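Read through the structure below, which is laid out as structure tokens, and then see the notes.
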Amino acid sequence: MKKQIKWLALIYLAAVGSLLFLEVIHFKKMRNVSHQIGESYELISGRDEGLRLEVEYRRFQYKVISYVRGQDDISHADVLTWFDIFWSRAYSIASESSIPDGMDKQEARQLFTDMRIALKEVDPLVQNLKRGDEESLAAIHKALEAFDARVTQLAVAIAQTRVDEAASLQEKLELALQGIDTLLISSTGGGILVLSMLGIEAFRARHAERKIKIREARVRFLAEHDSLTRLGNRAYLNIKMKEFMKEAKANDECFHLLLLDLDKFKDVNDTFGHPTGDQLLKNAARRLSGIFRSEDIVVRLGGDEFAILIKADMANIEKAVSRVISALSSSFVINGHEIHISTSIGISTYPDLSDTAEDLMRDADLALYAAKNAGRNTWALYKHSMSVEIKHRMGLEMDLRNALNNEAGGLEVYYQPQVLFNDKNESLSVIGVEALVRWFHPEHGTIPTVEFIDIAESTGIIDDLSAWVTCQACEDAVLWHKAGFDINLSVNLSPHQLNNRYLPDEIFQVLRKTGMPANKLTLEITESAAVHNTKAAVEMLETLNQQGVSLAMDDFGTGYSNLGYLKSLPLDCLKIDRSFVTHLESNEEDRKLVRGIINLARGMGMKVVAEGVETEYQVEFLRGLHCDVGQGYLFGRPMNKLQLIAMLERERAQQNLEKAVTNSDTDKAQKTNASS
Ligand code: C2E
Ligand code: MG
Ligand code: MG
């Protein structure tokens, strides 16, 4: 661009220089021409001089005759005036320069001399002339007679010469004027050409500059905007945040940063595919933009995260936030699917609680986290007290992600035995285990399972965590099978996983990879998850079930599933929630409820597992109701795989011993019978 401007300046200077040069030549020629015009004028007036000499001579003659011969209106003064005129004309014409080119110089000089002599001769006669003085009249005639013809001849000669000269000058003038015309045309043409060139160059430069500016603006737009939703992006937010801060500082105002996260958006992508997810984001962005004013800044930070900068008091912020929550929770119809999402919002305030851009982002993020923990589809305003608790939770989230990618992360799968309540046999045998994950945090020690499962659920880590647990547990189960323990493995499915349409494929892949038989695997789904699931989830469960995988309804009794719904699921087993088993001894209501659940399961052809069995009373009660399986601390706490194998070995040894004792008792009895 600079180079172009340099060139333009050079062209411009050259053009101006050439024009000045042409103007100087033009000026010189003009002066020359004006000089020639003057000359030509003189020549033309010179031609008049010859004619005038003759005219004035004749006039003088006439005046003299008229005066002498008595014409009244002619006075002696008239005669003298015309004599003076003729005299001075004759003198002025009688110079060397007045001799016409065509005349013989000698002859002309003679004529002028004779004329002067004759004039001097007639002068006293004219001065003293009287009316009727025929004598003086005759003398004057005589003195001038010789000039009669010569004056005319001189006048004609002068006029002719001057006309010729004037004509040649005219020609020169014509040529000069033509030259000037050419000069003018060429300088004008040159000027126009140069100006056009400059104009074109200027236009091209302007055009190029405009194109560059458009391109720059486009590049800047792309750098600062999100291509999917056309909203600003993180970079744009940072720019605007600085502007907001500057303005707020100058005017002593405050503003808010809203961080917004679409709840369970990943499930939308997993269930309906990414094109539908993208469309949902576009529609959500449109709904959001419709809620805020043009001076508010709405951006998409990436994924399902949006941010809004807004100047308003807290009452208006609350109104805006409620409108956002309700706008985003009304259903979206995309590609024929009716999709429901919700949103969580975290809010930070400048400058009251957060006074740098980083603080604003971090604090809004903490508040968002708090909103999600508060059950989602809600909002939270950042408070200082949030920091400690949430930072701890956020730290755990990060550690959990790392733990999943790292063998030494402290995660381990524990197994809790499930025993068969056998009516006929007094002894209870382990027929299965439930895989329960444990996290031995290198810094914080054992983290309660519900705590980190909750974190995993709210952050989506649960998918990876469950996949890891399933894989580990299947590998372990195959080893036990190889060791001769034919036990069933139960694995918990997160509600989150029921939204993953690839779940059956993922499970089958684990089965193939580990060599685990499908009919030895039970997947536990919680009642609440089942209630909220869709037709697609039921189809997935059916696919799994058709391949031999059993399905159990976990924590049964805590949810709100109706019978019709229960029947629609391909369930093999109901697990009675621990809360009903715990108080069996003391609570008649719980006893009735457990009896009802067992009867229901029987009626629907399902097996029943009682959770949280801790006492002999509970065992007896449950066995009395023909409950199939028991799980609880009484039979064994969740333990690691080595402890479990040891337990299984012990049990097998015990059973072998019991068998041996029974066999020897039978032998003894047979021998006694035989001897008697
Ligand atoms: P859950 O599936 O209902 O598992 C049973 C819970 O009851 C386990 O708690 C177990 O330790 C506890 N429990 C079993 N018997 C007794 C008893 O006699 N008395 C008492 N007081 N408690 C007993 P845990 O291991 O803390 O797990 C809590 C919940 O976390 C589980 O409930 C399950 O929903 C979830 N969870 C655990 N591991 C996983 C996992 O790998 N994946 C998923 N998605 N969820 C898991
Ligand atoms: Mg369970
Ligand atoms: Mg349970």
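How things are named: the first chain in the structure tokens is A, the next is B, and so on; residues count from 1 in each chain; ligands count from 1 in the order shown.
Near ligand 3, at a distance of at most 9 Å and with only C-alpha atoms and all ligand atoms counted, sit the residues Asn492, Glu524, Thr526, Met553, Asp554, Asp555, Phe556, Lys575, Ile576, Asp577, Arg578, Glu611 and Gly612 of chain A.
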May I have the residues from that selection written out with C-alpha atoms, as a PDB file, in the first residue's frame?
ATOM      1  CA  ASN A 492     -24.796 -49.739  37.685  1.00  0.00           C
ATOM      2  CA  GLU A 524     -28.926 -51.831  37.050  1.00  0.00           C
ATOM      3  CA  THR A 526     -32.382 -46.473  38.697  1.00  0.00           C
ATOM      4  CA  MET A 553     -34.505 -51.925  38.487  1.00  0.00           C
ATOM      5  CA  ASP A 554     -32.289 -50.495  41.241  1.00  0.00           C
ATOM      6  CA  ASP A 555     -33.486 -48.679  44.381  1.00  0.00           C
ATOM      7  CA  PHE A 556     -37.033 -49.801  43.629  1.00  0.00           C
ATOM      8  CA  LYS A 575     -33.960 -54.455  43.721  1.00  0.00           C
ATOM      9  CA  ILE A 576     -35.829 -53.356  46.844  1.00  0.00           C
ATOM     10  CA  ASP A 577     -34.248 -50.162  48.127  1.00  0.00           C
ATOM     11  CA  ARG A 578     -32.235 -50.370  51.326  1.00  0.00           C
ATOM     12  CA  GLU A 611     -30.573 -54.420  49.324  1.00  0.00           C
ATOM     13  CA  GLY A 612     -29.043 -53.395  52.666  1.00  0.00           C
TER      14      GLY A 612
END
*Shell around Leu648 of chain A at 9 Å using only C-alpha atoms, local window under 4 positions removed, as a list in words*: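 So, after excluding close chain neighbours, the residues are Val430, Phe485, Gln643, Leu644, Arg652 and Ala653 of chain A.
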Next, dump the selected residues to file, keeping only all heavy atoms, as a compact mmCIF listing (two decimals), in the first residue's frame.
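After the write, result-v6.txt holds the following:
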# COMPACT_ATOMS: atom_id res chain seq x y z
N VAL A 430 -22.95 -67.36 47.52
CA VAL A 430 -22.79 -66.14 46.70
C VAL A 430 -23.08 -66.51 45.25
O VAL A 430 -22.41 -67.37 44.67
CB VAL A 430 -21.35 -65.58 46.83
CG1 VAL A 430 -21.15 -64.40 45.89
CG2 VAL A 430 -21.07 -65.19 48.26
N PHE A 485 -15.79 -70.07 39.62
CA PHE A 485 -16.88 -69.42 40.35
C PHE A 485 -17.88 -68.86 39.34
O PHE A 485 -17.59 -67.85 38.68
CB PHE A 485 -16.35 -68.30 41.25
CG PHE A 485 -15.34 -68.79 42.24
CD1 PHE A 485 -13.99 -68.46 42.11
CD2 PHE A 485 -15.73 -69.61 43.30
CE1 PHE A 485 -13.07 -68.92 43.01
CE2 PHE A 485 -14.78 -70.07 44.20
CZ PHE A 485 -13.45 -69.74 44.06
N GLN A 643 -9.97 -59.65 47.78
CA GLN A 643 -10.77 -60.02 48.96
C GLN A 643 -11.96 -60.88 48.54
O GLN A 643 -12.32 -61.85 49.21
CB GLN A 643 -11.26 -58.77 49.69
CG GLN A 643 -10.16 -57.99 50.36
CD GLN A 643 -10.61 -56.59 50.76
OE1 GLN A 643 -11.43 -55.97 50.08
NE2 GLN A 643 -10.06 -56.11 51.87
N LEU A 644 -12.51 -60.50 47.40
CA LEU A 644 -13.68 -61.26 46.93
C LEU A 644 -13.28 -62.69 46.59
O LEU A 644 -13.95 -63.65 46.99
CB LEU A 644 -14.32 -60.59 45.71
CG LEU A 644 -15.53 -61.37 45.19
CD1 LEU A 644 -16.75 -61.14 46.09
CD2 LEU A 644 -15.88 -61.00 43.76
N ARG A 652 -16.13 -71.78 49.04
CA ARG A 652 -16.05 -73.07 48.35
C ARG A 652 -15.48 -74.14 49.28
O ARG A 652 -15.98 -75.27 49.34
CB ARG A 652 -15.18 -72.93 47.09
CG ARG A 652 -15.13 -74.22 46.29
CD ARG A 652 -14.89 -73.98 44.82
NE ARG A 652 -13.57 -73.42 44.58
CZ ARG A 652 -13.14 -73.06 43.36
NH1 ARG A 652 -13.94 -73.19 42.32
NH2 ARG A 652 -11.94 -72.57 43.21
N ALA A 653 -14.45 -73.76 50.04
CA ALA A 653 -13.83 -74.70 50.98
C ALA A 653 -14.86 -75.16 52.01
O ALA A 653 -14.97 -76.34 52.36
CB ALA A 653 -12.63 -74.04 51.66
*Leaving out Gln416 of chain A and any residue of its chain fewer than 4 positions from it, which residues lie within 10 Å of it when counting only C-alpha atoms, given as a list in words?*
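Returned residues: Val430, Gly432, Val433, Glu434, Ala435, Leu436, Leu489, Ser490, Gln631, Gly632, Tyr633, Phe635, Gly636, Arg637, Pro638, Met639, Asn640, Lys641 and Leu644 of chain A.
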*asked:* Let me make sure I understand: among A:Trp439, A:Tyr350, A:Phe332, A:Phe203, which one has the smallest atom-to-atom distance to Phe244 of chain A if we use only C-alpha atoms?
replied: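 Result for the nearest residue to Phe244 of chain A: A:Tyr350.
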Identify all residues of segment 280-343 of chain A in strand (DSSP E) (DSSP on the backbone) and supply them as a short mmCIF file (atom, residue, chain, number, x, y, z; two decimals) with C-alpha atoms, in the first residue's frame.
data_model
loop_
_atom_site.label_atom_id
_atom_site.label_comp_id
_atom_site.auth_asym_id
_atom_site.auth_seq_id
_atom_site.Cartn_x
_atom_site.Cartn_y
_atom_site.Cartn_z
CA ILE A 297 -23.38 -8.47 24.63
CA VAL A 298 -24.42 -12.06 23.95
CA VAL A 299 -21.62 -14.45 22.95
CA ARG A 300 -21.09 -18.16 22.53
CA LEU A 301 -17.97 -19.29 24.34
CA GLY A 302 -17.98 -22.71 22.69
CA GLU A 305 -21.67 -22.31 26.83
CA PHE A 306 -22.90 -18.76 26.32
CA ALA A 307 -22.04 -15.53 28.10
CA ILE A 308 -23.84 -12.23 28.42
CA LEU A 309 -22.52 -8.84 29.52
CA ILE A 310 -25.30 -6.67 30.83
CA PHE A 332 -37.34 -27.05 20.51
CA VAL A 333 -38.66 -28.86 17.47
CA ILE A 334 -35.73 -29.79 15.28
CA HIS A 337 -37.76 -34.21 17.11
CA GLU A 338 -39.25 -32.43 20.08
CA ILE A 339 -36.28 -31.70 22.31
CA SER A 342 -32.75 -26.54 30.38
CA THR A 343 -30.08 -24.13 31.41
#
*Skip segment 375-390 of chain A itself and residues of its chain fewer than 2 positions away, then list as a count of residues only all residues within 7 Å of it, counting only C-alpha atoms.*
21
*asked:* One decimal, in Å: what's the spacing between atom CA of Asp104 of chain A and atom CA of Ala146 of chain A?
replied: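 Computing the Euclidean distance for atom CA of Asp104 of chain A and atom CA of Ala146 of chain A yields 17.8 Å.
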*Give me the residues within 10 Å of Lys592 of chain A as number ranges by chain, counting only C-alpha atoms and dropping any in the same chain fewer than 6 places off.*
A: 580, 584, 598
Keeping only C-alpha atoms, write the selected residues to a file as an mmCIF file, in the first residue's frame.
data_model
loop_
_atom_site.group_PDB
_atom_site.id
_atom_site.type_symbol
_atom_site.label_atom_id
_atom_site.label_comp_id
_atom_site.auth_asym_id
_atom_site.auth_seq_id
_atom_site.Cartn_x
_atom_site.Cartn_y
_atom_site.Cartn_z
ATOM 1 C CA PHE A 580 -37.348 -50.279 53.160
ATOM 2 C CA LEU A 584 -38.267 -54.127 58.556
ATOM 3 C CA ILE A 598 -42.153 -59.024 46.244
#
*Contacts of Lys319 of chain A at 12 Å (only C-alpha atoms; same-chain gap of 5+ positions) as number ranges by chain*: A: 291-292, 312-314, 324-326, 379
*Could you check how far atom CA of Cys254 of chain A sits from atom CA of Lys311 of chain A, in Å to one decimal?*
6.8 Å
*Compare A:Leu10, A:Leu498, A:Ala90, A:Ala669 by their minimum atom-to-atom distance to Leu111 of chain A, counting only C-alpha atoms, and give me the closest one.*
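Distance minimum relative to Leu111 of chain A lands on A:Ala90.
Atom CA of Asn251 of chain A lies 23.2 Å from atom CA of Ala320 of chain A.
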*Do a neighbour search on segment 461-464 of chain A at 12 Å with only C-alpha atoms, toss out local chain neighbours closer than 2 positions, and write the hits as a count of residues only.*
42
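Distances here use only C-alpha atoms and all ligand atoms; by that measure, the residue among A:Glu412, A:Asp261, A:Asp84, A:Asp355 closest to ligand 1 is A:Glu412.
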